[in-house]
Structures are given as structure tokens and as C-alpha cells.
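Asks: Structure in C-alpha cells, see below.
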Amino acid sequence: MVNPLDGSVGVNGHRVADESLLNDEKTMLGNDPGGMLRATASAGAQVRESAALAAEVDLSMLADEGRPRAVVVAGIGTAGLTGSILSTVAGPRCPVPIIGHRSAGVPGWVGAADVVIAVSASGRSPEALAAAEAAARRGARLVAIGNPGSELEAMAERARAPFIGVPRRAPARATLWGLTIPVLLAGRALGLVKVTEADIAETATRLDNDAERCRPAADSFVNPAKELALGLAGSVPVIWGSSPLATVAARRFADTLAANARYPVMAGALGEAGRGRVGLLDGVFGGLAESSRDIFADPDETDESVTRLRLVVLRDGGLNPEDDADEPVAVEERRADAVQTLADQRGVRCDVLTAEGGSTLERLASLVAVPDFASLYLALAHGLDPMAVPAISEMKELSNPMPEGIQ
Ligand SMILES: O=P(O)(O)OC[C@H]1O[C@@H](O)[C@@H](O)[C@@H](O)[C@@H]1O
């Protein structure tokens with residue numbers, strides 16, 4: 001039975017975003033009873049903590065049998081995204097395929113030559129548990145990452161596989177960094193990614209600095225996350241990443257906007273969008289909606305009755321022109337310039353975020369931090385509790401034979 005009290009706060013929002021709800025820190029924190037703002041601000045601390053926790057675990061046995069044939073990262077939701085992050089940080093020249101697996105178990109071909117990384121913040125998602133079980137049964141090397149004391153840990157123990165415990169203090173989606181670092185360090189133990197201690201420290205510092213810029217007490221004119229959230233309010237966000245790394249960040253933004261702010265979002269790679277979905281800019285919610293706008297009206301006043309697209313372009317730019325990129329950085333840059341021009345010509349508003357930092361990991365962090373906060377501010381501007389999502393809990397209750405409490 002669905003308990004109508006569970007997360008009922010999440011259904012009490014306002015259809016039109018109210019900027020004044022973001023002005024007062026105390027009220028805002030009161031509207032975030034689950035502490036999602038605090039949990040998101042802990043991203044830098046999560047990086048440091050999980051790096052320290054991973055360092056205590058002996059991962060050498062992962063590499064004992066040499067380079068694996070393939071690596072499968074198994075998990076759902078945020079845990080699943082860590083597989084895309086590992087594969088992007090490893091880059092296109094990685095000699096071993098890294099495959100994200102988001103359904104129960106592992107692909108049929110997985111066997112003794114492969115490595116399975118089972119990830120679950122709660123340590124109990126059926127997808128990660130079934131993957132760990134299947135990996136052990138098929139003799140694949142296994143490493144499990146998630147909540148200490150969970151079923152996943154017990155399963156790793158039974159399989160004599162390493163387990164990296166990541167304490168669970170918030171819903172999975174606010175634990176991205178706590179899960180990502182151990183996955184990358186498992187990849188490093190396998191010789192597949194170059195992530196240095198300095199990269200980790202700099203990434204943590206960047207996440208701290210971005211959390212400071214996006215803190216609840218900072219007003220919207222100095223807070224990039226509030227500004228981004230208010231720009232997206234009432235729109236259908238379309239988020240395109242200029243490179244594989246920026247595309248991972250774009251998908252992450254779509255996930256957090258959907259789960260926290262409950263916005264429908266389209267996200268993907270600009271390379272692919274440019275061959276199809278870019279046509280949205282010409283359509284009912286794009287140029288056609290904009291051309292009906294009164295040209296004499298105040299540009300800051302939006303007509304709430306018109307649904308319009310809002311484009312967010314996440315630009316990477318690459319670390320340097322000789323990067324191990326799929327495509328030359330110059331091609332990606334030209335494409336990003338082009339889509340901004342197209343949006344401009346049609347009056348479709350566009351936000352641009354550009355990656356910064358000296359390592360792939362830090363650059364990813366620079367494209368994730370502000371959007372993560374923006375998804376929370378957009379929820380709060382609509383009077384929505386960013387943590388309690390009744391539809392998610394109810395979906396679990398209706399589809400799971402076992403009752404589940406926490407998301
Ligand atoms: O990381 P675990 O705990 O396996 O959760 C995996 C996913 O489960 C879903 O039900 C949601 O709660 C997601 O936010 C979460 O990422």
C-alpha cells in the first residue's frame with residue numbers, strides 16, 4: 001500500500017517559480033528538510049573522504065591477473081552514471097572496453113577474463129546485487145562500492161572481493177562524488193585511467209569553491225546556480241554537451257533536474273543533436289514560440305502561458321589541442337559556436353557553461369557543480385522539496401514485492 005504521507009511535501013509546489021523563495025536562506029533551508037543543499041555542498045568532502053576510504057582497501061588483486069578483457073560497471077541511477085564517468089575519464093584510447101550496465105545481472109558474455117564493478121549507494125539496488133552475484137558465479141573479478149554494512153558488502157565478502165564502503169548520508173543522487181572516486185580508483189588499479197592524487201585534491205577544492213559560490217546565502221545576482229535555475233524556470237530545458245565529458249555532465253544535469261526539480265529535460269551530445277534534435281530550435285517550443293513574443297516587452301518578463309525551450313550548452317574545450325579526443329577539439333568548438341548562433345537567431349535563450357581545470361576529473365566537476373545546485377534552487381523556487389519525490393517512492397512500492405523505505 002502506498003502511504004499517502006510519504007514525501008507528501010513534494011506534491012505541494014507552485015506551478016510558477018517564485019524568485020523570492022530563493023532570497024531568504026533560513027526559509028530556503030526550511031523548505032529543504034532533507035538537507036539536499038548541505039549534501040550537495042559536501043561534494044568536495046565526499047571526494048576526499050572516499051579517496052581516503054578507497055586507499056584503505058587493497059585493490060591489487062584486481063590487477064593480479066593482468067589487464068581484463070572488459071570492465072562492466074553495474075548500477076542504476078547515479079551509481080550507473082559512474083560507469084559513464086569511468087569510461088569518459090579513461091578516454092577513447094583506452095585499450096579495454098568499459099561498459100555501463102544498468103539492468104539486473106551482467107551481460108551474457110561476462111566471464112573469468114572480465115572485471116565487474118558493482119556500485120550502489122544504498123548497497124541494495126537489485127541491479128548491483130544481481131551483478132555482484134552473477135560476477136561471482138561466473139568467476140569474473142569483482143569490486144563492490146557502496147554503503148558499509150549493506151547486502152552488497154556481504155555479497156562481496158562471500159565472493160572474497162574487495163569492497164569500498166562509502167557512508168550513506170544522503171540520497172544516491174547527492175552522493176555522486178562519493179561513488180565516483182572509488183570507481184575511478186578501481187579503474188586506476190586496473191591501469192585504465194590516470195588519476196593522480198593532485199587531480200583528486202584539485203577536484204575537491206574546485207567543488208568546495210563552487211559550493212561556496214552557489215551557497216544558499218548568496219543572492220541570485222552573484223550566485224551562478226540561482227541565476228541558472230531562474231533562467232530555466234518554466235522552460236523545457238535542452239542540455240547539450242560539446243564533448244563526451246560535457247555530455248556526461250549534460251546527462252547528469254538532466255537527471256538532477258528531473259529528480260530534484262521535476263522538469264522534463266532533453267540532454268545529449270551536441271555532435272548527435274546537430275544531426276537531428278537541433279531541429280527543435282525551429283519548432284513550436286523554439287523559434288515559433290519566440291517569434292510570437294512582443295518585441296517591445298521587457299525582455300526579463302516572460303509570458304508564463306508560452307512554453308519555450310531554454311538551451312544549456314556545456315562546453316569542454318579540451319585540456320589541450322592534442323587531447324586523446326574522439327574528434328578534434330576544434331570541431332567540437334565550432335559546433336558549440338554554431339548552435340549558440342542558431343539559438344540566438346531564433347531568439348531561443350541559451351546558457352553556456354565552460355569547463356575549467358587542469359585534469360579531466362576537475363573539468364567534469366566544473367560542469368557538474370553549478371548545475372547540481374541549480375536543480376535544487378529550481379525545485380525550491382517552485383516550493384518543491386528537492387529530496388522527497390513521491391513518484392519515485394510510490395513507483396518502488398507499486399513495483400517491488402518487498403517494501404522499501406529509503407529512495
Ligand atoms: O545507488 P543505489 O542505492 O543503488 O540507488 C540507485 C538509484 O535508485 C533509484 O531508485 C533512485 O533512488 C536513484 O536516485 C538511485 O540513484
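By order of appearance in the C-alpha cells: chains A, B, ..., then residues from 1 within every chain, and ligands from 1 in the order shown.
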Write out as a count of residues only all residues of segment 253-363 of chain A that backbone DSSP assigns to alpha helix (DSSP H).
Replies: 35
Asks: At a cut-off of 6 Å and counting only C-alpha atoms and all ligand atoms, what residues surround ligand 1? Please answer as a list of chain:residue names.
Replies: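 Those within range of ligand 1 are A:Ile76, A:Gly77, A:Thr78, A:Ala79, A:Ser120, A:Ala121, A:Ser122, A:Gly123, A:Arg124, A:Ser125, A:Ala172, A:Arg173, A:Gln407.
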Asks: Enumerate, in order of chain and increasing residue number, the residues of segment 229-316 of chain A with an atom no farther than 10 Å from segment 376-397 of chain A, each with its shortest atom pair and distance in Å to one decimal, counting only C-alpha atoms, as CSV.
Replies:
```
residue,atom,partner,partner_atom,distance
A:Ala229,CA,A:Leu378,CA,4.9
A:Leu230,CA,A:Leu378,CA,6.7
A:Gly231,CA,A:Leu378,CA,9.3
A:Leu232,CA,A:Leu378,CA,7.8
A:Ala233,CA,A:Leu378,CA,6.7
A:Gly234,CA,A:Leu378,CA,9.6
A:Thr256,CA,A:Leu376,CA,8.1
A:Leu257,CA,A:Leu376,CA,7.9
A:Ala258,CA,A:Ala379,CA,9.7
A:Ala259,CA,A:Val389,CA,7.1
A:Asn260,CA,A:Pro386,CA,4.5
A:Ala261,CA,A:Ala379,CA,4.0
A:Arg262,CA,A:Ala379,CA,7.4
A:Tyr263,CA,A:Ala379,CA,8.9
```
Asks: Mind running segment 172-281 of chain A against segment 47-60 of chain A at 7 Å and telling me each contacting residue's nearest atom pair with the distance in Å (one decimal), counting only C-alpha atoms, chain and number ascending, as a tab-separated table?
Replies:
```
residue	atom	partner	partner_atom	distance
A:Trp177	CA	A:Val47	CA	5.6
A:Gly178	CA	A:Ser50	CA	5.4
A:Ile181	CA	A:Ala51	CA	6.1
A:Pro182	CA	A:Ala54	CA	5.8
A:Ala186	CA	A:Leu59	CA	6.9
A:Ala189	CA	A:Leu59	CA	6.3
A:Ala204	CA	A:Val47	CA	5.8
```
Asks: Of the residues A:Met155, A:Val115, A:Cys350, A:Val339, which is the one nearest to Pro237 of chain A, using only C-alpha atoms?
Replies: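 Nearest to Pro237 of chain A: A:Cys350.
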Asks: Tell me which protein, DNA and RNA residues are within 12 Å of Val370 of chain A, counting only C-alpha atoms, leaving out same-chain ones fewer than 6 positions away, and put them as a short mmCIF file (atom, residue, chain, number, x, y, z; two decimals) with C-alpha atoms, in the first residue's frame.
Replies:
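And here's part25.cif as it stands now:
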```
data_model
loop_
_atom_site.label_atom_id
_atom_site.label_comp_id
_atom_site.auth_asym_id
_atom_site.auth_seq_id
_atom_site.Cartn_x
_atom_site.Cartn_y
_atom_site.Cartn_z
CA LEU A 37 21.68 21.71 -0.28
CA THR A 40 25.38 18.80 -2.40
CA ALA A 41 27.77 21.25 -0.75
CA ALA A 43 30.81 17.19 -2.82
CA ARG A 206 37.04 23.14 -7.10
CA LEU A 207 33.87 21.50 -5.77
CA ASP A 208 34.38 23.37 -2.46
CA ASN A 209 34.83 26.68 -4.26
CA ASP A 210 31.78 26.13 -6.44
CA ALA A 211 29.72 25.20 -3.37
CA GLU A 212 30.83 28.48 -1.84
CA ARG A 213 29.78 30.47 -4.94
CA CYS A 214 26.45 28.63 -5.01
CA ARG A 215 25.76 28.80 -1.27
CA ASN A 223 25.07 33.03 -7.35
CA PRO A 224 25.54 31.22 -10.69
CA ALA A 225 23.29 28.33 -9.67
CA LYS A 226 20.35 30.55 -8.69
CA GLU A 227 20.81 32.51 -11.90
CA LEU A 228 20.83 29.32 -13.97
CA ALA A 229 17.78 27.96 -12.13
CA ALA A 249 27.67 16.41 -17.32
CA ALA A 250 24.65 17.19 -19.53
CA ARG A 252 23.76 14.40 -15.00
CA PHE A 253 22.01 17.79 -15.20
CA THR A 256 19.04 16.14 -11.26
CA LEU A 314 28.09 22.68 -21.71
CA VAL A 352 26.76 28.45 -21.65
CA LEU A 353 28.96 26.77 -19.07
CA THR A 354 32.59 26.24 -19.93
CA ALA A 355 34.75 23.59 -18.29
CA LEU A 364 33.94 17.30 -15.18
CA LEU A 376 17.91 22.29 -6.15
CA TYR A 377 17.20 26.02 -6.46
#
```
Asks: Any idea what's packed within 12 Å of Leu319 of chain A, counting only C-alpha atoms, ignoring anything in its chain fewer than 4 positions away? Could you give it as a VMD selection string?
Replies: chain A and resid 243 245 315 323 to 325 328 to 329 354 to 364
Asks: Pull all heavy atoms from the residues just selected and write them as a tab-separated table (two decimals), in the first residue's frame.
Replies:
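For reference, part01.tsv as written:
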```
chain	number	residue	atom	x	y	z
A	243	SER	N	31.41	17.75	-25.82
A	243	SER	CA	32.37	16.64	-25.90
A	243	SER	C	31.81	15.47	-25.10
A	243	SER	O	30.82	15.64	-24.38
A	243	SER	CB	33.70	17.07	-25.25
A	243	SER	OG	33.51	17.15	-23.84
A	245	LEU	N	32.91	14.25	-22.38
A	245	LEU	CA	32.93	14.65	-20.97
A	245	LEU	C	31.77	15.61	-20.65
A	245	LEU	O	31.04	15.43	-19.67
A	245	LEU	CB	34.27	15.36	-20.69
A	245	LEU	CG	34.45	15.94	-19.31
A	245	LEU	CD1	35.18	14.95	-18.43
A	245	LEU	CD2	35.22	17.25	-19.35
A	315	ARG	N	30.24	23.40	-22.50
A	315	ARG	CA	31.39	23.39	-23.41
A	315	ARG	C	32.61	22.87	-22.69
A	315	ARG	O	32.87	23.23	-21.55
A	315	ARG	CB	31.67	24.80	-23.93
A	315	ARG	CG	30.52	25.36	-24.75
A	315	ARG	CD	30.90	26.67	-25.35
A	315	ARG	NE	31.95	26.53	-26.33
A	315	ARG	CZ	31.98	27.19	-27.50
A	315	ARG	NH1	30.99	28.00	-27.83
A	315	ARG	NH2	32.98	27.05	-28.33
A	323	ASP	N	44.70	16.53	-27.20
A	323	ASP	CA	43.97	15.56	-26.38
A	323	ASP	C	43.65	14.27	-27.12
A	323	ASP	O	43.48	14.26	-28.32
A	323	ASP	CB	42.62	16.16	-25.97
A	323	ASP	CG	42.71	16.79	-24.61
A	323	ASP	OD1	43.79	16.70	-24.02
A	323	ASP	OD2	41.71	17.35	-24.17
A	324	ASP	N	43.51	13.22	-26.29
A	324	ASP	CA	43.09	11.94	-26.85
A	324	ASP	C	41.60	11.99	-27.16
A	324	ASP	O	40.81	11.25	-26.60
A	324	ASP	CB	43.28	10.83	-25.80
A	324	ASP	CG	44.72	10.56	-25.53
A	324	ASP	OD1	45.57	11.13	-26.24
A	324	ASP	OD2	44.99	9.78	-24.62
A	325	ALA	N	41.20	12.88	-27.99
A	325	ALA	CA	39.75	13.05	-28.18
A	325	ALA	C	39.26	12.22	-29.36
A	325	ALA	O	40.02	11.89	-30.26
A	325	ALA	CB	39.43	14.51	-28.41
A	328	PRO	N	38.59	16.11	-33.18
A	328	PRO	CA	39.43	17.26	-32.84
A	328	PRO	C	38.62	18.28	-32.04
A	328	PRO	O	37.43	18.50	-32.30
A	328	PRO	CB	39.81	17.84	-34.21
A	328	PRO	CG	39.58	16.73	-35.18
A	328	PRO	CD	38.50	15.87	-34.60
A	329	VAL	N	39.29	18.86	-31.05
A	329	VAL	CA	38.61	19.83	-30.19
A	329	VAL	C	38.03	20.97	-31.02
A	329	VAL	O	36.93	21.47	-30.75
A	329	VAL	CB	39.61	20.35	-29.13
A	329	VAL	CG1	39.03	21.53	-28.37
A	329	VAL	CG2	39.97	19.22	-28.16
A	354	THR	N	31.35	26.71	-19.33
A	354	THR	CA	32.59	26.24	-19.93
A	354	THR	C	33.46	25.54	-18.88
A	354	THR	O	33.65	26.08	-17.78
A	354	THR	CB	33.35	27.43	-20.55
A	354	THR	OG1	32.46	28.07	-21.46
A	354	THR	CG2	34.59	27.00	-21.31
A	355	ALA	N	33.95	24.37	-19.24
A	355	ALA	CA	34.75	23.59	-18.29
A	355	ALA	C	36.05	24.31	-17.95
A	355	ALA	O	36.62	25.00	-18.80
A	355	ALA	CB	35.07	22.22	-18.88
A	356	GLU	N	36.46	24.14	-16.72
A	356	GLU	CA	37.74	24.70	-16.27
A	356	GLU	C	38.48	23.62	-15.51
A	356	GLU	O	37.87	22.71	-14.96
A	356	GLU	CB	37.49	25.88	-15.32
A	356	GLU	CG	36.93	27.10	-16.01
A	356	GLU	CD	36.51	28.15	-14.99
A	356	GLU	OE1	37.02	28.14	-13.86
A	356	GLU	OE2	35.62	28.94	-15.35
A	357	GLY	N	39.79	23.78	-15.46
A	357	GLY	CA	40.57	22.86	-14.63
A	357	GLY	C	41.62	22.13	-15.44
A	357	GLY	O	41.54	22.04	-16.66
A	358	GLY	N	42.60	21.59	-14.71
A	358	GLY	CA	43.77	21.02	-15.36
A	358	GLY	C	43.70	19.51	-15.56
A	358	GLY	O	44.63	18.92	-16.10
A	359	SER	N	42.64	18.85	-15.11
A	359	SER	CA	42.52	17.40	-15.35
A	359	SER	C	41.10	17.11	-15.80
A	359	SER	O	40.18	17.91	-15.60
A	359	SER	CB	42.80	16.63	-14.05
A	359	SER	OG	41.77	16.88	-13.11
A	360	THR	N	40.93	15.95	-16.41
A	360	THR	CA	39.60	15.57	-16.89
A	360	THR	C	38.61	15.56	-15.73
A	360	THR	O	37.47	16.03	-15.86
A	360	THR	CB	39.67	14.16	-17.52
A	360	THR	OG1	40.75	14.16	-18.43
A	360	THR	CG2	38.41	13.80	-18.23
A	361	LEU	N	39.06	15.04	-14.59
A	361	LEU	CA	38.16	14.94	-13.45
A	361	LEU	C	37.72	16.32	-12.96
A	361	LEU	O	36.54	16.56	-12.70
A	361	LEU	CB	38.88	14.18	-12.33
A	361	LEU	CG	38.05	13.83	-11.11
A	361	LEU	CD1	36.88	12.95	-11.49
A	361	LEU	CD2	38.92	13.13	-10.05
A	362	GLU	N	38.69	17.20	-12.87
A	362	GLU	CA	38.34	18.55	-12.39
A	362	GLU	C	37.43	19.25	-13.40
A	362	GLU	O	36.51	19.98	-13.02
A	362	GLU	CB	39.63	19.36	-12.15
A	362	GLU	CG	39.34	20.69	-11.49
A	362	GLU	CD	40.58	21.57	-11.32
A	362	GLU	OE1	41.71	21.07	-11.54
A	362	GLU	OE2	40.40	22.75	-10.98
A	363	ARG	N	37.68	19.02	-14.66
A	363	ARG	CA	36.84	19.66	-15.68
A	363	ARG	C	35.40	19.13	-15.61
A	363	ARG	O	34.45	19.88	-15.76
A	363	ARG	CB	37.42	19.43	-17.08
A	363	ARG	CG	38.78	20.07	-17.25
A	363	ARG	CD	39.39	19.74	-18.59
A	363	ARG	NE	38.76	20.51	-19.66
A	363	ARG	CZ	38.99	21.78	-19.91
A	363	ARG	NH1	39.84	22.45	-19.17
A	363	ARG	NH2	38.39	22.39	-20.90
A	364	LEU	N	35.28	17.85	-15.34
A	364	LEU	CA	33.94	17.30	-15.18
A	364	LEU	C	33.26	17.96	-13.97
A	364	LEU	O	32.11	18.39	-14.05
A	364	LEU	CB	34.02	15.77	-14.98
A	364	LEU	CG	32.67	15.11	-14.71
A	364	LEU	CD1	31.80	15.14	-15.96
A	364	LEU	CD2	32.85	13.66	-14.25
```
Asks: Can you pull out the residues contacting Pro162 of chain A? Cut-off 9 Å, using only C-alpha atoms, and skip same-chain residues under 3 positions away; I want them as a list of chain:residue names.
Replies: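 After dropping sequence-adjacent residues, the list is A:Val57, A:Asp58, A:Leu59, A:Met61, A:Leu62, A:Leu142, A:Val143, A:Ala144, A:Ile145, A:Glu153, A:Ala156, A:Glu157, A:Ala159.
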Asks: Using DSSP assignments from the backbone, pull out every residue in segment 28-83 of chain A that falls under strand (DSSP E or B) and give it to me as an MDAnalysis selection string.
Replies: chainID A and resid 71:74
Asks: List as a list in words the protein and nucleic acid residues near Leu81 of chain A, meaning an atom at most 9 Å away when only C-alpha atoms are counted, but skip any in the same chain fewer than 5 places from it.
Replies: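 These residues fall inside the cut-off: Gly75, Ile76, Leu86, Gly100, Leu176, Thr180, Val248, Arg251 and Arg252 of chain A.
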Asks: Take the residues that were just selected and, keeping C-alpha atoms, output them as a PDB file, in the first residue's frame.
Replies:
```
ATOM      1  CA  GLY A  75      24.434   0.011 -11.105  1.00  0.00           C
ATOM      2  CA  ILE A  76      21.342   2.105 -11.644  1.00  0.00           C
ATOM      3  CA  LEU A  86      34.965   5.999 -15.780  1.00  0.00           C
ATOM      4  CA  GLY A 100      27.971   0.621 -18.135  1.00  0.00           C
ATOM      5  CA  LEU A 176      27.749  11.211  -6.935  1.00  0.00           C
ATOM      6  CA  THR A 180      32.710   8.253  -8.448  1.00  0.00           C
ATOM      7  CA  VAL A 248      28.184  13.118 -19.182  1.00  0.00           C
ATOM      8  CA  ARG A 251      23.049  13.832 -18.673  1.00  0.00           C
ATOM      9  CA  ARG A 252      23.764  14.403 -15.003  1.00  0.00           C
TER      10      ARG A 252
END
```
Asks: For the atom pair atom CA of Leu185 of chain A and atom CA of Leu129 of chain A, what is the interatomic distance in Å to one decimal place?
Replies: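 Between atom CA of Leu185 of chain A and atom CA of Leu129 of chain A the gap is 20.7 Å.
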Asks: Using only C-alpha atoms, which residue out of A:Val110, A:Val193, A:Leu309, A:Val331 lies closest to Arg349 of chain A?
Replies: A:Leu309
Asks: Have a look at atom CA of Gly146 of chain A and atom CA of Val166 of chain A and let me know their distance in Å, one decimal.
Replies: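 These atoms are spaced 5.1 Å apart.
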